[in-house]
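Chemist: So that you have it, the file is work.cif, and it contains mmCIF, C-alpha atoms and all ligand atoms:
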```
data_final
#
loop_
_atom_site.group_PDB
_atom_site.id
_atom_site.type_symbol
_atom_site.label_atom_id
_atom_site.label_comp_id
_atom_site.auth_asym_id
_atom_site.auth_seq_id
_atom_site.Cartn_x
_atom_site.Cartn_y
_atom_site.Cartn_z
ATOM 1 C CA MET A 511 100.937 111.700 54.067
ATOM 2 C CA SER A 512 99.532 108.533 55.657
ATOM 3 C CA SER A 513 101.851 106.705 58.050
ATOM 4 C CA PRO A 514 102.439 102.962 57.812
ATOM 5 C CA PRO A 515 100.962 100.824 60.609
ATOM 6 C CA VAL A 516 103.243 100.531 63.605
ATOM 7 C CA LEU A 517 103.468 97.433 65.801
ATOM 8 C CA LEU A 518 105.607 97.211 68.924
ATOM 9 C CA TYR A 519 106.663 93.774 70.134
ATOM 10 C CA ASP A 520 106.616 94.619 73.752
ATOM 11 C CA TYR A 521 106.918 93.482 77.335
ATOM 12 C CA PRO A 522 105.256 95.929 79.740
ATOM 13 C CA ALA A 523 107.991 96.015 82.410
ATOM 14 C CA SER A 524 110.994 95.925 80.053
ATOM 15 C CA ILE A 525 113.048 99.089 80.498
ATOM 16 C CA CYS A 526 113.892 99.290 76.789
ATOM 17 C CA CYS A 527 110.236 98.828 75.817
ATOM 18 C CA GLN A 528 109.310 101.651 78.183
ATOM 19 C CA MET A 529 111.835 103.931 76.463
ATOM 20 C CA VAL A 530 110.273 103.109 73.103
ATOM 21 C CA ARG A 531 106.719 103.568 74.397
ATOM 22 C CA LEU A 532 107.641 106.949 75.906
ATOM 23 C CA THR A 533 109.146 108.008 72.584
ATOM 24 C CA LEU A 534 106.070 106.887 70.625
ATOM 25 C CA ALA A 535 103.801 108.692 73.107
ATOM 26 C CA GLU A 536 105.765 111.964 72.995
ATOM 27 C CA LYS A 537 105.927 111.816 69.194
ATOM 28 C CA GLY A 538 102.182 111.196 69.044
ATOM 29 C CA VAL A 539 102.435 107.987 67.016
ATOM 30 C CA SER A 540 99.519 105.584 67.239
ATOM 31 C CA TYR A 541 100.601 101.970 67.366
ATOM 32 C CA GLU A 542 99.577 98.473 68.336
ATOM 33 C CA ARG A 543 101.283 96.460 71.033
ATOM 34 C CA ARG A 544 101.952 92.732 70.779
ATOM 35 C CA ASN A 545 102.979 91.324 74.137
ATOM 36 C CA VAL A 546 105.953 88.977 74.026
ATOM 37 C CA ASP A 547 106.101 87.062 77.311
ATOM 38 C CA ILE A 548 109.856 87.046 77.958
ATOM 39 C CA MET A 549 109.411 85.384 81.372
ATOM 40 C CA ASP A 550 107.041 82.436 81.855
ATOM 41 C CA LYS A 551 106.402 81.563 78.227
ATOM 42 C CA ALA A 552 109.902 82.472 76.965
ATOM 43 C CA GLU A 553 108.272 83.599 73.731
ATOM 44 C CA GLN A 554 111.345 85.608 72.751
ATOM 45 C CA PHE A 555 113.042 82.323 71.787
ATOM 46 C CA GLU A 556 110.190 81.102 69.574
ATOM 47 C CA PRO A 557 111.138 80.884 65.888
ATOM 48 C CA TRP A 558 108.484 83.389 64.767
ATOM 49 C CA TYR A 559 110.071 85.963 67.077
ATOM 50 C CA THR A 560 113.767 85.220 66.467
ATOM 51 C CA ALA A 561 112.988 85.537 62.754
ATOM 52 C CA LEU A 562 112.197 89.176 63.582
ATOM 53 C CA ASN A 563 114.784 89.702 66.301
ATOM 54 C CA PRO A 564 117.666 87.192 66.126
ATOM 55 C CA ARG A 565 119.025 88.317 69.509
ATOM 56 C CA ALA A 566 115.731 87.199 71.086
ATOM 57 C CA VAL A 567 115.120 90.422 73.001
ATOM 58 C CA VAL A 568 112.360 93.006 73.143
ATOM 59 C CA PRO A 569 111.659 95.598 71.848
ATOM 60 C CA THR A 570 111.166 95.073 68.130
ATOM 61 C CA LEU A 571 109.336 97.699 66.130
ATOM 62 C CA ALA A 572 107.562 96.932 62.866
ATOM 63 C CA ILE A 573 106.981 100.034 60.720
ATOM 64 C CA GLY A 574 104.833 98.714 57.904
ATOM 65 C CA ASP A 575 106.834 95.747 56.583
ATOM 66 C CA GLU A 576 110.108 96.957 57.980
ATOM 67 C CA ILE A 577 111.506 95.452 61.175
ATOM 68 C CA VAL A 578 113.672 97.634 63.399
ATOM 69 C CA THR A 579 115.531 96.222 66.414
ATOM 70 C CA ASP A 580 117.684 97.651 69.196
ATOM 71 C CA THR A 581 116.437 100.578 71.258
ATOM 72 C CA MET A 582 119.326 102.834 70.214
ATOM 73 C CA THR A 583 118.238 102.351 66.583
ATOM 74 C CA ILE A 584 114.490 102.306 67.198
ATOM 75 C CA VAL A 585 114.083 105.621 69.034
ATOM 76 C CA PRO A 586 115.911 107.910 66.553
ATOM 77 C CA ARG A 587 114.061 106.096 63.796
ATOM 78 C CA ILE A 588 110.703 106.973 65.408
ATOM 79 C CA ASP A 589 111.841 110.577 65.673
ATOM 80 C CA ARG A 590 112.894 110.771 62.008
ATOM 81 C CA GLU A 591 110.071 108.773 60.473
ATOM 82 C CA PHE A 592 106.944 110.340 61.940
ATOM 83 C CA GLU A 593 105.363 113.741 62.095
ATOM 84 C CA GLY A 594 105.267 115.422 65.470
ATOM 85 C CA PRO A 595 107.632 117.408 67.655
ATOM 86 C CA SER A 596 111.349 116.866 67.087
ATOM 87 C CA LEU A 597 112.747 114.736 69.924
ATOM 88 C CA THR A 598 116.397 115.359 69.093
ATOM 89 C CA ALA A 599 118.488 118.072 70.727
ATOM 90 C CA ARG A 600 119.287 120.943 68.351
ATOM 91 C CA THR A 601 122.595 122.506 69.361
ATOM 92 C CA PRO A 602 125.859 120.508 69.273
ATOM 93 C CA ASP A 603 126.264 120.859 73.067
ATOM 94 C CA GLU A 604 122.750 119.678 73.782
ATOM 95 C CA ARG A 605 123.137 116.883 71.275
ATOM 96 C CA ALA A 606 126.314 115.696 72.996
ATOM 97 C CA SER A 607 124.538 115.836 76.337
ATOM 98 C CA MET A 608 121.558 113.890 74.956
ATOM 99 C CA GLU A 609 123.783 111.180 73.533
ATOM 100 C CA SER A 610 125.889 110.847 76.647
ATOM 101 C CA ILE A 611 122.811 110.434 78.870
ATOM 102 C CA MET A 612 121.461 107.756 76.510
ATOM 103 C CA ARG A 613 124.786 105.898 76.506
ATOM 104 C CA ASP A 614 125.138 106.196 80.303
ATOM 105 C CA VAL A 615 121.660 104.803 80.930
ATOM 106 C CA MET A 616 122.142 101.942 78.449
ATOM 107 C CA ALA A 617 125.481 100.910 79.920
ATOM 108 C CA LEU A 618 124.106 100.046 83.380
ATOM 109 C CA HIS A 619 123.615 96.463 84.517
ATOM 110 C CA TYR A 620 119.912 96.348 85.367
ATOM 111 C CA GLY A 621 120.018 92.643 86.245
ATOM 112 C CA VAL A 622 122.436 93.355 89.090
ATOM 113 C CA LEU A 623 120.336 96.313 90.279
ATOM 114 C CA LEU A 624 117.229 94.124 90.332
ATOM 115 C CA TYR A 625 118.751 91.503 92.607
ATOM 116 C CA ALA A 626 121.245 93.617 94.546
ATOM 117 C CA ARG A 627 118.779 94.503 97.282
ATOM 118 C CA ARG A 628 117.279 91.067 97.772
ATOM 119 C CA PRO A 629 119.891 88.348 98.037
ATOM 120 C CA ALA A 630 118.318 84.902 98.443
ATOM 121 C CA LEU A 631 117.630 84.204 102.094
ATOM 122 C CA GLY A 632 117.873 80.439 101.939
ATOM 123 C CA GLY A 633 116.200 78.433 99.220
ATOM 124 C CA ARG A 634 116.917 79.000 95.557
ATOM 125 C CA SER A 635 117.477 82.500 94.303
ATOM 126 C CA PRO A 636 115.299 83.713 91.404
ATOM 127 C CA VAL A 637 118.455 83.874 89.295
ATOM 128 C CA VAL A 638 119.219 80.186 89.948
ATOM 129 C CA GLU A 639 115.570 79.373 89.164
ATOM 130 C CA ARG A 640 115.842 81.313 85.913
ATOM 131 C CA GLY A 641 119.001 79.397 84.965
ATOM 132 C CA ALA A 642 117.217 76.080 85.570
ATOM 133 C CA PHE A 643 114.236 77.306 83.542
ATOM 134 C CA LEU A 644 116.484 78.320 80.640
ATOM 135 C CA ARG A 645 118.228 74.940 80.688
ATOM 136 C CA ARG A 646 114.866 73.140 80.605
ATOM 137 C CA GLU A 647 113.843 75.319 77.649
ATOM 138 C CA ARG A 648 117.089 74.377 75.907
ATOM 139 C CA GLU A 649 116.434 70.666 76.458
ATOM 140 C CA SER A 650 112.903 70.893 75.092
ATOM 141 C CA HIS A 651 113.947 73.078 72.149
ATOM 142 C CA PRO A 652 117.458 72.134 70.975
ATOM 143 C CA GLU A 653 116.844 74.105 67.776
ATOM 144 C CA ARG A 654 116.751 77.300 69.888
ATOM 145 C CA ALA A 655 120.193 76.560 71.354
ATOM 146 C CA GLU A 656 121.980 79.580 69.948
ATOM 147 C CA ALA A 657 119.897 82.223 71.712
ATOM 148 C CA LEU A 658 119.341 80.086 74.815
ATOM 149 C CA ASP A 659 123.052 79.314 75.257
ATOM 150 C CA ARG A 660 123.807 83.047 75.168
ATOM 151 C CA ARG A 661 121.159 83.634 77.808
ATOM 152 C CA ILE A 662 122.378 80.742 80.002
ATOM 153 C CA ALA A 663 125.913 82.158 79.866
ATOM 154 C CA GLY A 664 124.536 85.604 80.818
ATOM 155 C CA ASN A 665 122.638 84.059 83.728
ATOM 156 C CA GLU A 666 125.836 82.407 84.965
ATOM 157 C CA ARG A 667 127.767 85.674 84.705
ATOM 158 C CA LEU A 668 125.000 87.381 86.681
ATOM 159 C CA LEU A 669 125.205 84.703 89.406
ATOM 160 C CA ARG A 670 128.966 85.191 89.700
ATOM 161 C CA THR A 671 128.549 88.974 89.895
ATOM 162 C CA LEU A 672 125.844 88.733 92.566
ATOM 163 C CA ALA A 673 128.108 86.486 94.645
ATOM 164 C CA ASP A 674 130.711 89.248 94.759
ATOM 165 C CA PRO A 675 129.647 92.146 97.019
ATOM 166 C CA ILE A 676 132.379 94.429 95.671
ATOM 167 C CA GLU A 677 131.142 93.925 92.104
ATOM 168 C CA VAL A 678 127.527 94.479 93.179
ATOM 169 C CA GLU A 679 128.509 97.725 94.894
ATOM 170 C CA ARG A 680 130.423 98.791 91.797
ATOM 171 C CA HIS A 681 127.338 98.373 89.607
ATOM 172 C CA VAL A 682 125.069 100.114 92.134
ATOM 173 C CA GLY A 683 127.672 102.908 92.370
ATOM 174 C CA GLU A 684 127.664 103.300 88.580
ATOM 175 C CA ALA A 685 123.887 103.679 88.597
ATOM 176 C CA ARG A 686 124.081 106.265 91.355
ATOM 177 C CA ALA A 687 126.807 108.127 89.450
ATOM 178 C CA VAL A 688 124.506 108.312 86.412
ATOM 179 C CA VAL A 689 121.780 109.851 88.605
ATOM 180 C CA GLU A 690 124.330 112.329 90.013
ATOM 181 C CA ARG A 691 125.430 113.326 86.495
ATOM 182 C CA LEU A 692 121.780 113.736 85.530
ATOM 183 C CA ASP A 693 121.263 115.968 88.565
ATOM 184 C CA ALA A 694 124.209 118.139 87.470
ATOM 185 C CA ALA A 695 122.921 118.233 83.873
ATOM 186 C CA LEU A 696 119.494 119.364 85.113
ATOM 187 C CA ALA A 697 120.830 122.467 86.881
ATOM 188 C CA GLY A 698 118.935 125.381 85.331
ATOM 189 C CA ARG A 699 117.073 123.273 82.764
ATOM 190 C CA ASP A 700 113.776 121.461 82.698
ATOM 191 C CA PHE A 701 114.791 118.488 80.580
ATOM 192 C CA ALA A 702 117.754 116.135 80.532
ATOM 193 C CA SER A 703 119.489 117.743 77.566
ATOM 194 C CA GLY A 704 117.988 121.233 77.393
ATOM 195 C CA SER A 705 114.713 123.113 77.272
ATOM 196 C CA ARG A 706 112.671 120.499 75.368
ATOM 197 C CA TRP A 707 111.800 116.826 75.868
ATOM 198 C CA THR A 708 114.244 114.702 73.868
ATOM 199 C CA LEU A 709 115.186 111.051 73.546
ATOM 200 C CA ALA A 710 117.444 111.564 76.582
ATOM 201 C CA ASP A 711 114.281 112.072 78.633
ATOM 202 C CA ALA A 712 112.874 108.740 77.459
ATOM 203 C CA PHE A 713 116.032 107.050 78.717
ATOM 204 C CA ALA A 714 116.325 109.058 81.950
ATOM 205 C CA THR A 715 112.648 108.587 82.829
ATOM 206 C CA ALA A 716 112.725 104.821 82.235
ATOM 207 C CA ALA A 717 115.931 104.481 84.253
ATOM 208 C CA LEU A 718 114.627 106.548 87.192
ATOM 209 C CA ALA A 719 111.393 104.530 87.139
ATOM 210 C CA ARG A 720 113.445 101.354 87.363
ATOM 211 C CA PHE A 721 115.574 102.726 90.210
ATOM 212 C CA ARG A 722 112.417 103.711 92.062
ATOM 213 C CA LEU A 723 110.961 100.236 91.563
ATOM 214 C CA HIS A 724 114.062 98.780 93.222
ATOM 215 C CA GLY A 725 113.991 101.245 96.131
ATOM 216 C CA PHE A 726 116.921 103.345 94.947
ATOM 217 C CA ASP A 727 114.775 106.494 94.911
ATOM 218 C CA ARG A 728 116.260 107.150 98.352
ATOM 219 C CA TRP A 729 119.099 108.653 96.274
ATOM 220 C CA TRP A 730 116.864 111.600 95.429
ATOM 221 C CA SER A 731 113.932 111.548 97.843
ATOM 222 C CA ASN A 732 115.639 112.771 101.028
ATOM 223 C CA GLY A 733 116.552 116.245 99.878
ATOM 224 C CA ASP A 734 119.638 115.099 97.946
ATOM 225 C CA LEU A 735 119.823 115.387 94.166
ATOM 226 C CA SER A 736 116.866 117.749 94.241
ATOM 227 C CA ASN A 737 117.101 118.556 90.515
ATOM 228 C CA VAL A 738 116.437 114.882 89.804
ATOM 229 C CA ALA A 739 113.630 114.789 92.394
ATOM 230 C CA ARG A 740 111.837 117.721 90.755
ATOM 231 C CA TYR A 741 112.566 116.418 87.262
ATOM 232 C CA TYR A 742 111.173 112.953 87.988
ATOM 233 C CA ALA A 743 108.002 114.479 89.467
ATOM 234 C CA ARG A 744 107.607 116.519 86.263
ATOM 235 C CA MET A 745 108.122 113.451 84.082
ATOM 236 C CA GLN A 746 105.602 111.442 86.139
ATOM 237 C CA ALA A 747 103.058 114.217 85.583
ATOM 238 C CA ARG A 748 103.363 114.076 81.787
ATOM 239 C CA LYS A 749 100.655 112.415 79.762
ATOM 240 C CA SER A 750 103.292 110.266 78.055
ATOM 241 C CA PHE A 751 104.207 108.655 81.401
ATOM 242 C CA VAL A 752 100.651 107.359 81.735
ATOM 243 C CA ASP A 753 100.148 106.597 78.045
ATOM 244 C CA ALA A 754 103.407 104.631 77.930
ATOM 245 C CA GLY A 755 102.446 102.672 81.047
ATOM 246 C CA VAL A 756 105.727 103.388 82.813
ATOM 247 C CA ILE A 757 106.087 101.050 85.790
ATOM 248 C CA ASP A 758 107.800 102.398 88.901
ATOM 249 C CA THR A 759 105.997 100.625 91.740
ATOM 250 C CA GLY A 760 104.867 97.107 92.468
ATOM 251 C CA THR A 761 106.383 93.694 92.009
ATOM 252 C CA GLU A 762 110.008 93.418 91.043
ATOM 253 C CA ARG A 763 109.724 90.033 89.416
ATOM 254 C CA ASP A 764 108.483 90.634 85.941
ATOM 255 C CA LEU A 765 111.321 92.317 84.168
HETATM 256 N N1 LIG A 801 120.256 96.005 73.137
HETATM 257 C C1 LIG A 801 118.865 95.600 73.222
HETATM 258 C C2 LIG A 801 118.622 95.036 74.602
HETATM 259 C C3 LIG A 801 117.202 94.626 74.815
HETATM 260 C C4 LIG A 801 117.023 93.752 76.046
HETATM 261 O O1 LIG A 801 117.980 93.378 76.730
HETATM 262 N N2 LIG A 801 115.767 93.432 76.326
HETATM 263 C C5 LIG A 801 115.445 92.601 77.458
HETATM 264 C C6 LIG A 801 114.270 93.202 78.229
HETATM 265 S S1 LIG A 801 114.653 94.807 78.907
HETATM 266 C C7 LIG A 801 114.983 91.233 76.979
HETATM 267 O O2 LIG A 801 114.311 91.121 75.978
HETATM 268 N N3 LIG A 801 115.338 90.184 77.696
HETATM 269 C C8 LIG A 801 114.925 88.871 77.335
HETATM 270 C C9 LIG A 801 115.726 87.834 78.018
HETATM 271 O O3 LIG A 801 116.539 88.180 78.868
HETATM 272 O O4 LIG A 801 115.591 86.653 77.700
HETATM 273 C C10 LIG A 801 117.998 96.802 72.952
HETATM 274 O O5 LIG A 801 118.382 97.922 73.311
HETATM 275 O O6 LIG A 801 116.920 96.659 72.362
#
```
Show how you would write the structure in this file as structure tokens.
Ligand SMILES: N[C@@H](CCC(=O)N[C@@H](CS)C(=O)NCC(=O)O)C(=O)O

Modeler:
Amino acid sequence: MSSPPVLLYDYPASICCQMVRLTLAEKGVSYERRNVDIMDKAEQFEPWYTALNPRAVVPTLAIGDEIVTDTMTIVPRIDREFEGPSLTARTPDERASMESIMRDVMALHYGVLLYARRPALGGRSPVVERGAFLRRERESHPERAEALDRRIAGNERLLRTLADPIEVERHVGEARAVVERLDAALAGRDFASGSRWTLADAFATAALARFRLHGFDRWWSNGDLSNVARYYARMQARKSFVDAGVIDTGTERDL
């Protein structure tokens, strides 16, 4: 059976895109990548892209002529649609564990985590700059108002959250709690939801990579949460980590 061509609308550092790329790599699907510059060029708001993804976010996956959006829909679809190892947990317990890890990882506020450790020291914060950029985009492209207004409102919510240290700590604490639950789940098993790599591992790996990028790997690199420390080292050593281009070091800007 020949598979339809697969095209991922992608941004290299996007956490959701990394989950999808890990899933495609583990499944052994060959695909093309089309970079959507969600930062400087704001391509996600261009009409050709919002026609594919009305929420103006990456990833979007084209399977032949079919367009699939939203990571939680895309990854099980990859698992069902293509030949290759099953990436879904088999037993009801493992399935529940897989789904709860995926939900936990998705529920975190990655915008807060990105800026939590580098409040603006004078001058304009990158979040304020982004708000100004989005407003300029809205002025130049009034026809893109719907998606841009949503994003401007999100930027303002983020600014309010970052101005409140208790809220910031709450979000950081939620991320740490997810890593602690993952550590408990990994006791006596090699993978997040059992003895095989599943979609939960795509989510856990991408989240840990992001935490490492922001310097939160101190949670597991000083002898604490040693199941997570060993697990992350194993995930880094997998071919899929390299093939998917998972980013866990370097600049924090391009997210
Ligand atoms: N629920 C969506 C969320 C995707 C999402 O938030 N993508 C971010 C990158 S990780 C994005 O495209 N952001 C563009 C922007 O903020 O303008 C999914 O799971 O696919």

Chemist: Evaluate the PyMOL selection byres (((chain A and resi 564) around 12) and not hetatm) and record the selected residues as a PyMOL selection string, following the chain and residue labels used in the document.

Modeler: chain A and resi 554-563+565-570+577-580+654+656-658+660

Chemist: Within 12 Å of A:Leu517, counting only C-alpha atoms, which residues show up once you throw out same-chain ones fewer than 3 positions away? Write them as number ranges by chain, please.

Modeler: A: 514, 520, 530-531, 534, 539-545, 569-578, 588

Chemist: Please determine, counting all atoms listed in the file, which residue among A:Lys537, A:Arg661, A:Arg699, A:His681 has the shortest atom-to-atom distance to ligand LIG 801 (chain A).

Modeler: A:Arg661

Chemist: What lies within 7 Å of stretch 631-646 of chain A using all atoms listed in the file, ignoring chain neighbours under 2 positions off, as an mmCIF file with C-alpha atoms, in the coordinates of the input?

Modeler:
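That gives us part_4.cif:
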```cif
data_model
loop_
_atom_site.group_PDB
_atom_site.id
_atom_site.type_symbol
_atom_site.label_atom_id
_atom_site.label_comp_id
_atom_site.auth_asym_id
_atom_site.auth_seq_id
_atom_site.Cartn_x
_atom_site.Cartn_y
_atom_site.Cartn_z
ATOM 1 C CA PRO A 629 119.891 88.348 98.037
ATOM 2 C CA ARG A 648 117.089 74.377 75.907
ATOM 3 C CA GLU A 649 116.434 70.666 76.458
ATOM 4 C CA SER A 650 112.903 70.893 75.092
ATOM 5 C CA LEU A 658 119.341 80.086 74.815
ATOM 6 C CA ILE A 662 122.378 80.742 80.002
ATOM 7 C CA ASN A 665 122.638 84.059 83.728
ATOM 8 C CA LEU A 669 125.205 84.703 89.406
#
```

Chemist: Between atom CA of A:Ile525 and atom CA of A:Ile584, measure the distance and give it in Å to one decimal.

Modeler: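 These atoms are spaced 13.8 Å apart.
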
Chemist: Given the file shown, determine the residues that the PyMOL selection byres (((chain A and resi 600-613) around 6) and not hetatm) selects; report them as an mmCIF file with C-alpha atoms, in the coordinates of the input.

Modeler:
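Saved the output as part-v7.cif:
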```cif
data_model
loop_
_atom_site.group_PDB
_atom_site.id
_atom_site.type_symbol
_atom_site.label_atom_id
_atom_site.label_comp_id
_atom_site.auth_asym_id
_atom_site.auth_seq_id
_atom_site.Cartn_x
_atom_site.Cartn_y
_atom_site.Cartn_z
ATOM 1 C CA ALA A 599 118.488 118.072 70.727
ATOM 2 C CA ASP A 614 125.138 106.196 80.303
ATOM 3 C CA VAL A 615 121.660 104.803 80.930
ATOM 4 C CA MET A 616 122.142 101.942 78.449
ATOM 5 C CA SER A 703 119.489 117.743 77.566
ATOM 6 C CA ALA A 710 117.444 111.564 76.582
ATOM 7 C CA PHE A 713 116.032 107.050 78.717
#
```

Chemist: Could you tell me how far atom CA of A:Trp707 sits from atom CA of A:Asn737, in Å to one decimal place?

Modeler: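 Rounded to one decimal, the two atoms are 15.7 Å apart.
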
Chemist: What do you get, as JSON, numbers by chain, if you spell out every residue that the PyMOL selection byres (((chain A and resi 670-675) around 12) and not hetatm) selects here?

Modeler: {"A": [619, 621, 622, 623, 624, 625, 626, 627, 628, 629, 630, 635, 636, 637, 638, 663, 664, 665, 666, 667, 668, 669, 676, 677, 678, 679, 680, 681, 682, 683]}

Chemist: For ligand LIG 801 (chain A), which residue among A:Leu532, A:Ile548, A:Ala617, A:Val516 is the nearest when counting all atoms listed in the file?

Modeler: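 Nearest to ligand LIG 801 (chain A): A:Ile548.
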
Chemist: Could you check the closest approach to ligand LIG 801 (chain A) for each of A:Tyr742, A:Phe721, A:Phe701, A:Tyr521 and tell me which residue wins, using all atoms listed in the file?

Modeler: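 Checking each candidate against ligand LIG 801 (chain A), we get A:Tyr521 as the closest.
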
Chemist: Could you tell me how far atom CA of A:Asp700 lies from atom CA of A:Thr583, in Å and to one decimal?

Modeler: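 Spanning atom CA of A:Asp700 to atom CA of A:Thr583 is a straight-line distance of 25.4 Å.
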